[in-house]
Amino acid sequence: MSRVETASAPLSQRPVTDAAFAALEAQYREALEEIADLRARDGLKTQFLANISHDLRTPLTAVVTHAEILRDGILGTLTDRQLESVAGIIGGGRQLLNQVGEILTYARGAANQLTLNPSRFHITDVIEQMRGLSESLLAKKGISLEVRASRSLPEVAADREKVGHVIGNLFGNAISFTPVGGRVWIAASMNETPAGREMLVEVGDSGIGIASEHHELIFREFAQVDSSPSRSHHGTGLGLTIARKLVELHHGRIWVESDLGTGSRFFFTIPSADG
(Lines give C-alpha, C1' and ligand atoms only; values in the text may rest on other atoms or scores of the structure.)
Protein backbone atom coordinates (compact mmCIF):
# COMPACT_ATOMS: atom_id res chain seq x y z
CA MET A 1 0.00 0.00 0.00
CA SER A 2 1.41 3.43 -0.91
CA ARG A 3 1.84 6.30 1.53
CA VAL A 4 -1.01 8.15 -0.17
CA GLU A 5 -3.33 5.16 0.20
CA THR A 6 -2.38 4.78 3.89
CA ALA A 7 -2.99 8.44 4.64
CA SER A 8 -6.39 8.39 2.97
CA ALA A 9 -7.59 5.16 4.64
CA PRO A 10 -10.22 5.39 7.41
CA LEU A 11 -8.85 5.66 10.94
CA SER A 12 -10.37 2.28 11.87
CA GLN A 13 -8.35 0.61 9.11
CA ARG A 14 -4.98 2.22 9.86
CA PRO A 15 -2.44 0.12 11.79
CA VAL A 16 -2.03 1.03 15.49
CA THR A 17 1.59 1.54 16.42
CA ASP A 18 3.04 0.51 19.76
CA ALA A 19 3.41 4.16 20.73
CA ALA A 20 -0.23 4.94 19.90
CA PHE A 21 -1.40 1.88 21.83
CA ALA A 22 0.69 2.90 24.84
CA ALA A 23 -0.81 6.41 24.69
CA LEU A 24 -4.36 5.00 24.58
CA GLU A 25 -3.60 2.68 27.48
CA ALA A 26 -2.23 5.61 29.51
CA GLN A 27 -5.36 7.66 28.77
CA TYR A 28 -7.54 4.72 29.79
CA ARG A 29 -5.70 4.33 33.12
CA GLU A 30 -5.96 8.08 33.72
CA ALA A 31 -9.70 8.01 33.05
CA LEU A 32 -10.13 5.11 35.51
CA GLU A 33 -8.23 7.05 38.16
CA GLU A 34 -10.39 10.13 37.59
CA ILE A 35 -13.56 8.05 37.85
CA ALA A 36 -12.34 6.48 41.10
CA ASP A 37 -11.48 9.94 42.46
CA LEU A 38 -14.92 11.31 41.54
CA ARG A 39 -16.63 8.35 43.19
CA ALA A 40 -14.58 8.88 46.33
CA ARG A 41 -15.48 12.58 46.37
CA ASP A 42 -19.14 11.74 45.84
CA GLY A 43 -18.98 9.31 48.75
CA LEU A 44 -17.44 11.98 50.97
CA LYS A 45 -20.16 14.45 49.93
CA THR A 46 -22.86 11.94 50.79
CA GLN A 47 -21.28 11.17 54.17
CA PHE A 48 -20.94 14.90 54.90
CA LEU A 49 -24.61 15.48 54.13
CA ALA A 50 -25.60 12.62 56.42
CA ASN A 51 -23.36 13.83 59.26
CA ILE A 52 -24.32 17.50 59.09
CA SER A 53 -28.03 16.68 58.76
CA HIS A 54 -27.89 14.42 61.81
CA ASP A 55 -26.00 17.02 63.85
CA LEU A 56 -28.39 19.84 62.90
CA ARG A 57 -31.50 18.00 64.06
CA THR A 58 -30.61 18.11 67.77
CA PRO A 59 -30.24 21.91 68.15
CA LEU A 60 -33.19 22.57 65.83
CA THR A 61 -35.39 20.26 67.88
CA ALA A 62 -34.29 22.11 71.03
CA VAL A 63 -35.23 25.48 69.47
CA VAL A 64 -38.71 24.24 68.55
CA THR A 65 -39.25 22.57 71.94
CA HIS A 66 -38.31 25.68 73.93
CA ALA A 67 -40.48 27.86 71.68
CA GLU A 68 -43.41 25.51 72.33
CA ILE A 69 -42.78 25.84 76.08
CA LEU A 70 -43.05 29.61 75.71
CA ARG A 71 -46.19 29.29 73.54
CA ASP A 72 -47.91 27.05 76.08
CA GLY A 73 -47.34 29.58 78.89
CA ILE A 74 -45.30 27.23 81.06
CA LEU A 75 -42.83 30.03 81.83
CA GLY A 76 -45.46 32.75 82.07
CA THR A 77 -48.17 34.41 80.02
CA LEU A 78 -47.14 36.01 76.76
CA THR A 79 -48.74 38.93 74.97
CA ASP A 80 -50.46 38.43 71.62
CA ARG A 81 -47.50 39.95 69.79
CA GLN A 82 -45.09 37.67 71.65
CA LEU A 83 -47.23 34.62 70.83
CA GLU A 84 -47.22 35.61 67.17
CA SER A 85 -43.43 35.84 67.21
CA VAL A 86 -43.08 32.48 68.97
CA ALA A 87 -45.43 30.91 66.44
CA GLY A 88 -43.10 32.14 63.69
CA ILE A 89 -40.14 30.52 65.45
CA ILE A 90 -42.00 27.21 65.74
CA GLY A 91 -43.16 27.29 62.13
CA GLY A 92 -39.71 28.14 60.79
CA GLY A 93 -38.04 25.57 63.04
CA ARG A 94 -40.35 22.80 61.91
CA GLN A 95 -39.78 23.72 58.27
CA LEU A 96 -36.02 23.51 58.80
CA LEU A 97 -36.40 20.16 60.55
CA ASN A 98 -38.37 18.81 57.61
CA GLN A 99 -35.73 20.01 55.15
CA VAL A 100 -32.90 18.56 57.22
CA GLY A 101 -34.82 15.29 57.37
CA GLU A 102 -35.13 15.28 53.58
CA ILE A 103 -31.39 15.79 53.17
CA LEU A 104 -30.65 12.99 55.64
CA THR A 105 -33.01 10.61 53.85
CA TYR A 106 -31.48 11.54 50.50
CA ALA A 107 -27.94 10.96 51.81
CA ARG A 108 -28.90 7.55 53.15
CA GLY A 109 -30.53 6.66 49.86
CA ALA A 110 -27.49 7.79 47.87
CA ALA A 111 -25.31 5.59 50.07
CA ASN A 112 -27.73 2.66 49.68
CA GLN A 113 -28.37 2.71 53.43
CA LEU A 114 -32.17 2.80 53.21
CA THR A 115 -33.86 -0.42 54.27
CA LEU A 116 -37.49 -1.48 54.40
CA ASN A 117 -39.40 -2.62 57.47
CA PRO A 118 -42.47 -4.12 55.79
CA SER A 119 -45.77 -4.77 57.51
CA ARG A 120 -49.41 -5.19 56.52
CA PHE A 121 -51.63 -2.11 56.79
CA HIS A 122 -54.53 -0.29 55.20
CA ILE A 123 -53.54 2.55 52.90
CA THR A 124 -56.58 4.51 54.14
CA ASP A 125 -54.98 4.76 57.60
CA VAL A 126 -51.92 6.47 56.12
CA ILE A 127 -54.07 8.79 54.01
CA GLU A 128 -56.12 9.83 57.05
CA GLN A 129 -52.92 10.49 58.97
CA MET A 130 -51.68 12.81 56.20
CA ARG A 131 -55.07 14.54 56.11
CA GLY A 132 -54.87 15.24 59.85
CA LEU A 133 -51.37 16.67 59.62
CA SER A 134 -52.40 19.02 56.79
CA GLU A 135 -55.78 20.24 58.05
CA SER A 136 -54.55 23.63 59.26
CA LEU A 137 -52.69 24.40 56.02
CA LEU A 138 -55.68 23.32 53.91
CA ALA A 139 -57.93 25.59 55.95
CA LYS A 140 -55.48 28.50 55.77
CA LYS A 141 -55.42 28.36 51.95
CA GLY A 142 -59.11 27.51 51.61
CA ILE A 143 -58.27 24.35 49.66
CA SER A 144 -60.83 21.58 49.53
CA LEU A 145 -59.68 17.98 49.93
CA GLU A 146 -61.39 14.95 48.47
CA VAL A 147 -60.37 11.43 49.54
CA ARG A 148 -61.39 8.53 47.31
CA ALA A 149 -60.12 5.45 49.13
CA SER A 150 -62.40 2.73 50.46
CA ARG A 151 -61.68 1.02 53.75
CA SER A 152 -62.59 -2.23 51.99
CA LEU A 153 -59.40 -2.08 49.90
CA PRO A 154 -57.00 -4.96 50.60
CA GLU A 155 -54.02 -4.37 52.85
CA VAL A 156 -50.65 -3.54 51.37
CA ALA A 157 -47.33 -5.17 52.26
CA ALA A 158 -44.88 -2.30 52.59
CA ASP A 159 -42.92 -0.05 54.93
CA ARG A 160 -45.67 2.10 56.42
CA GLU A 161 -43.39 4.97 57.45
CA LYS A 162 -41.84 5.23 53.99
CA VAL A 163 -45.18 5.00 52.19
CA GLY A 164 -46.37 7.79 54.47
CA HIS A 165 -43.28 9.77 53.50
CA VAL A 166 -44.13 9.40 49.82
CA ILE A 167 -47.77 10.42 50.28
CA GLY A 168 -46.72 13.28 52.56
CA ASN A 169 -44.28 14.65 49.97
CA LEU A 170 -46.80 14.43 47.14
CA PHE A 171 -49.61 15.85 49.29
CA GLY A 172 -47.41 18.71 50.52
CA ASN A 173 -46.44 19.61 46.95
CA ALA A 174 -50.07 19.52 45.86
CA ILE A 175 -51.04 21.99 48.59
CA SER A 176 -47.99 24.18 47.98
CA PHE A 177 -48.58 24.54 44.23
CA THR A 178 -52.36 24.96 44.43
CA PRO A 179 -53.65 28.54 44.72
CA VAL A 180 -56.08 29.73 47.38
CA GLY A 181 -59.52 28.21 46.93
CA GLY A 182 -58.20 25.32 44.81
CA ARG A 183 -58.78 21.59 45.05
CA VAL A 184 -56.62 18.63 46.08
CA TRP A 185 -57.51 14.94 46.06
CA ILE A 186 -56.08 11.58 47.05
CA ALA A 187 -57.35 8.34 45.55
CA ALA A 188 -56.39 4.69 46.02
CA SER A 189 -57.49 1.63 44.06
CA MET A 190 -56.36 -1.88 43.19
CA ASN A 191 -54.59 -2.38 39.91
CA GLU A 192 -54.31 -5.77 38.17
CA THR A 193 -51.01 -6.42 36.36
CA PRO A 194 -49.43 -9.49 34.74
CA ALA A 195 -47.10 -9.66 37.77
CA GLY A 196 -49.95 -9.56 40.29
CA ARG A 197 -52.07 -7.06 42.19
CA GLU A 198 -50.77 -3.70 43.28
CA MET A 199 -52.12 -0.64 45.01
CA LEU A 200 -52.35 2.47 42.82
CA VAL A 201 -52.29 5.78 44.69
CA GLU A 202 -53.05 9.12 43.04
CA VAL A 203 -52.41 12.58 44.48
CA GLY A 204 -53.86 15.34 42.31
CA ASP A 205 -54.40 19.08 42.43
CA SER A 206 -55.90 21.97 40.47
CA GLY A 207 -52.68 23.95 40.72
CA ILE A 208 -50.29 25.54 38.23
CA GLY A 209 -49.31 22.30 36.50
CA ILE A 210 -45.99 21.17 35.03
CA ALA A 211 -44.89 21.44 31.40
CA SER A 212 -44.35 18.06 29.76
CA GLU A 213 -40.65 18.75 29.11
CA HIS A 214 -40.12 19.02 32.88
CA HIS A 215 -41.80 15.73 33.87
CA GLU A 216 -38.49 13.89 34.20
CA LEU A 217 -36.57 16.89 35.55
CA ILE A 218 -38.70 17.20 38.68
CA PHE A 219 -37.62 13.74 39.86
CA ARG A 220 -33.91 14.62 39.67
CA GLU A 221 -32.00 15.54 42.80
CA PHE A 222 -31.94 19.24 43.75
CA ALA A 223 -34.00 20.07 40.66
CA GLN A 224 -36.20 23.17 40.54
CA VAL A 225 -38.35 23.97 37.51
CA ASP A 226 -38.03 27.61 38.55
CA SER A 227 -34.50 28.02 39.93
CA SER A 228 -34.52 31.82 40.07
CA PRO A 229 -33.89 33.52 43.44
CA SER A 230 -37.33 35.16 43.21
CA ARG A 231 -39.26 31.88 42.85
CA SER A 232 -42.37 31.67 45.02
CA HIS A 233 -41.93 28.01 46.02
CA HIS A 234 -38.88 27.02 48.03
CA GLY A 235 -37.43 23.73 49.18
CA THR A 236 -34.48 21.39 48.90
CA GLY A 237 -35.54 20.00 45.52
CA LEU A 238 -35.26 16.51 47.00
CA GLY A 239 -38.87 15.63 47.79
CA LEU A 240 -39.70 13.89 44.52
CA THR A 241 -36.23 12.35 44.25
CA ILE A 242 -36.75 10.73 47.65
CA ALA A 243 -40.32 9.71 46.77
CA ARG A 244 -39.07 7.90 43.67
CA LYS A 245 -36.29 6.20 45.64
CA LEU A 246 -38.72 4.95 48.29
CA VAL A 247 -41.24 3.73 45.71
CA GLU A 248 -38.55 1.90 43.74
CA LEU A 249 -37.33 0.26 46.95
CA HIS A 250 -40.81 -1.31 47.05
CA HIS A 251 -40.39 -2.39 43.40
CA GLY A 252 -43.10 0.10 42.47
CA ARG A 253 -43.39 2.90 39.92
CA ILE A 254 -44.02 6.65 40.19
CA TRP A 255 -44.93 9.12 37.46
CA VAL A 256 -46.74 12.37 36.76
CA GLU A 257 -49.42 13.47 34.32
CA SER A 258 -49.64 17.24 33.94
CA ASP A 259 -49.59 20.27 31.67
CA LEU A 260 -49.17 23.94 32.47
CA GLY A 261 -52.37 25.46 33.81
CA THR A 262 -54.20 22.13 34.16
CA GLY A 263 -53.02 20.94 37.57
CA SER A 264 -51.01 17.79 38.25
CA ARG A 265 -51.71 14.13 38.96
CA PHE A 266 -48.97 12.04 40.58
CA PHE A 267 -49.29 8.27 40.68
CA PHE A 268 -47.33 5.55 42.42
CA THR A 269 -47.75 1.83 43.01
CA ILE A 270 -46.88 -0.50 45.87
CA PRO A 271 -47.49 -4.24 46.16
CA SER A 272 -50.72 -5.62 47.59
CA ALA A 273 -50.37 -7.94 50.57
CA ASP A 274 -52.23 -10.64 48.64
CA GLY A 275 -50.50 -9.93 45.30
# chains A, B, ... in the order shown; residues from 1 in each chain; ligands from 1
call {"tool": "select_by_dssp", "arguments": {"residues": "stretch 7-167 of chain A", "states": "strand (DSSP E or B)", "output": "number ranges by chain"}}
result
A: 119-121, 144-148, 156-158
call {"tool": "residues_around", "arguments": {"residues": "A:Val256", "least_positions_apart": "5", "cutoff": "10 Å", "atoms": "only C-alpha atoms", "output": "ChimeraX atom specification"}}
result
/A:202-204,210,212,215-216,218-219,264-268
call {"tool": "residues_around", "arguments": {"residues": "A:Gly182", "least_positions_apart": "2", "cutoff": "10 Å", "atoms": "only C-alpha atoms", "output": "CSV table (one decimal) with all heavy atoms, in the first residue's frame"}}
result
chain,number,residue,atom,x,y,z
A,138,LEU,N,-54.6,23.3,54.9
A,138,LEU,CA,-55.7,23.3,53.9
A,138,LEU,C,-56.7,24.4,54.2
A,138,LEU,O,-57.2,25.1,53.3
A,138,LEU,CB,-56.4,22.0,54.0
A,138,LEU,CG,-55.6,20.8,53.3
A,138,LEU,CD1,-56.3,19.5,53.7
A,138,LEU,CD2,-55.6,20.9,51.8
A,141,LYS,N,-55.4,28.0,53.4
A,141,LYS,CA,-55.4,28.4,51.9
A,141,LYS,C,-56.8,28.2,51.3
A,141,LYS,O,-57.0,28.5,50.2
A,141,LYS,CB,-54.4,27.5,51.2
A,141,LYS,CG,-53.0,27.8,51.5
A,141,LYS,CD,-52.0,27.1,50.6
A,141,LYS,CE,-52.1,27.7,49.2
A,141,LYS,NZ,-51.0,27.1,48.3
A,142,GLY,N,-57.8,27.7,52.1
A,142,GLY,CA,-59.1,27.5,51.6
A,142,GLY,C,-59.2,26.5,50.5
A,142,GLY,O,-60.0,26.6,49.6
A,143,ILE,N,-58.3,25.4,50.7
A,143,ILE,CA,-58.3,24.4,49.7
A,143,ILE,C,-59.2,23.2,50.1
A,143,ILE,O,-59.1,22.7,51.2
A,143,ILE,CB,-56.8,23.9,49.5
A,143,ILE,CG1,-56.0,25.0,48.9
A,143,ILE,CG2,-56.8,22.6,48.6
A,143,ILE,CD1,-54.5,24.6,48.8
A,144,SER,N,-60.0,22.7,49.2
A,144,SER,CA,-60.8,21.6,49.5
A,144,SER,C,-60.1,20.3,49.2
A,144,SER,O,-59.3,20.2,48.3
A,144,SER,CB,-62.1,21.6,48.7
A,144,SER,OG,-61.8,21.5,47.3
A,145,LEU,N,-60.3,19.3,50.1
A,145,LEU,CA,-59.7,18.0,49.9
A,145,LEU,C,-60.7,16.9,49.7
A,145,LEU,O,-61.7,16.8,50.5
A,145,LEU,CB,-58.8,17.7,51.2
A,145,LEU,CG,-58.3,16.2,51.3
A,145,LEU,CD1,-57.3,16.0,50.1
A,145,LEU,CD2,-57.6,16.0,52.6
A,175,ILE,N,-50.5,20.8,47.8
A,175,ILE,CA,-51.0,22.0,48.6
A,175,ILE,C,-50.2,23.2,48.3
A,175,ILE,O,-50.7,24.3,48.0
A,175,ILE,CB,-51.0,21.7,50.1
A,175,ILE,CG1,-52.0,20.6,50.5
A,175,ILE,CG2,-51.4,23.0,50.9
A,175,ILE,CD1,-51.9,20.1,51.9
A,177,PHE,N,-48.5,24.0,45.6
A,177,PHE,CA,-48.6,24.5,44.2
A,177,PHE,C,-50.0,24.8,43.8
A,177,PHE,O,-50.3,25.0,42.6
A,177,PHE,CB,-47.9,23.6,43.2
A,177,PHE,CG,-46.4,23.6,43.3
A,177,PHE,CD1,-45.7,22.7,44.1
A,177,PHE,CD2,-45.7,24.6,42.7
A,177,PHE,CE1,-44.3,22.7,44.2
A,177,PHE,CE2,-44.3,24.6,42.8
A,177,PHE,CZ,-43.6,23.7,43.6
A,178,THR,N,-51.0,24.7,44.7
A,178,THR,CA,-52.4,25.0,44.4
A,178,THR,C,-52.7,26.3,45.0
A,178,THR,O,-52.5,26.6,46.2
A,178,THR,CB,-53.3,23.9,45.0
A,178,THR,OG1,-52.9,22.6,44.4
A,178,THR,CG2,-54.7,24.2,44.7
A,179,PRO,N,-53.3,27.2,44.2
A,179,PRO,CA,-53.7,28.5,44.7
A,179,PRO,C,-54.8,28.5,45.7
A,179,PRO,O,-55.5,27.5,45.9
A,179,PRO,CB,-54.0,29.3,43.4
A,179,PRO,CG,-54.5,28.2,42.5
A,179,PRO,CD,-53.6,27.0,42.8
A,180,VAL,N,-55.0,29.6,46.4
A,180,VAL,CA,-56.1,29.7,47.4
A,180,VAL,C,-57.4,29.4,46.7
A,180,VAL,O,-57.7,29.8,45.6
A,180,VAL,CB,-56.1,31.2,48.0
A,180,VAL,CG1,-57.3,31.4,48.8
A,180,VAL,CG2,-54.8,31.5,48.7
A,184,VAL,N,-57.6,19.7,46.0
A,184,VAL,CA,-56.6,18.6,46.1
A,184,VAL,C,-57.4,17.3,46.4
A,184,VAL,O,-58.4,17.3,47.0
A,184,VAL,CB,-55.6,18.9,47.2
A,184,VAL,CG1,-54.7,17.7,47.5
A,184,VAL,CG2,-54.7,20.1,46.9
A,205,ASP,N,-54.1,17.7,42.0
A,205,ASP,CA,-54.4,19.1,42.4
A,205,ASP,C,-54.9,19.9,41.2
A,205,ASP,O,-54.6,19.5,40.1
A,205,ASP,CB,-53.2,19.7,43.1
A,205,ASP,CG,-52.0,19.9,42.1
A,205,ASP,OD1,-52.1,20.7,41.2
A,205,ASP,OD2,-51.0,19.2,42.3
A,206,SER,N,-55.5,21.0,41.5
A,206,SER,CA,-55.9,22.0,40.5
A,206,SER,C,-54.9,23.1,40.4
A,206,SER,O,-55.4,24.3,40.1
A,206,SER,CB,-57.3,22.5,40.8
A,206,SER,OG,-57.3,23.2,42.0
A,207,GLY,N,-53.7,22.9,40.7
A,207,GLY,CA,-52.7,24.0,40.7
A,207,GLY,C,-52.1,24.4,39.4
A,207,GLY,O,-52.8,24.3,38.3
A,263,GLY,N,-53.2,21.7,36.4
A,263,GLY,CA,-53.0,20.9,37.6
A,263,GLY,C,-52.1,19.7,37.3
A,263,GLY,O,-51.6,19.6,36.2
call {"tool": "closest_residue", "arguments": {"among": "A:Ala174, A:Leu238, A:Leu260, A:Met199", "to": "A:Ala107", "atoms": "only C-alpha atoms"}}
result
A:Leu238
call {"tool": "closest_residue", "arguments": {"among": "A:Val100, A:Ala23, A:Leu249, A:Leu137", "to": "A:Gly181", "atoms": "only C-alpha atoms"}}
result
A:Leu137
call {"tool": "closest_residue", "arguments": {"among": "A:Ala149, A:Gly88, A:Phe48, A:Ala187", "to": "A:Val63", "atoms": "only C-alpha atoms"}}
result
A:Gly88
call {"tool": "closest_residue", "arguments": {"among": "A:His54, A:His214, A:Arg148, A:Arg197", "to": "A:Gly252", "atoms": "only C-alpha atoms"}}
result
A:Arg197
call {"tool": "atom_distance", "arguments": {"atom1": "atom CA of A:Val64", "atom2": "atom CA of A:Leu116"}}
result
29.4 Å
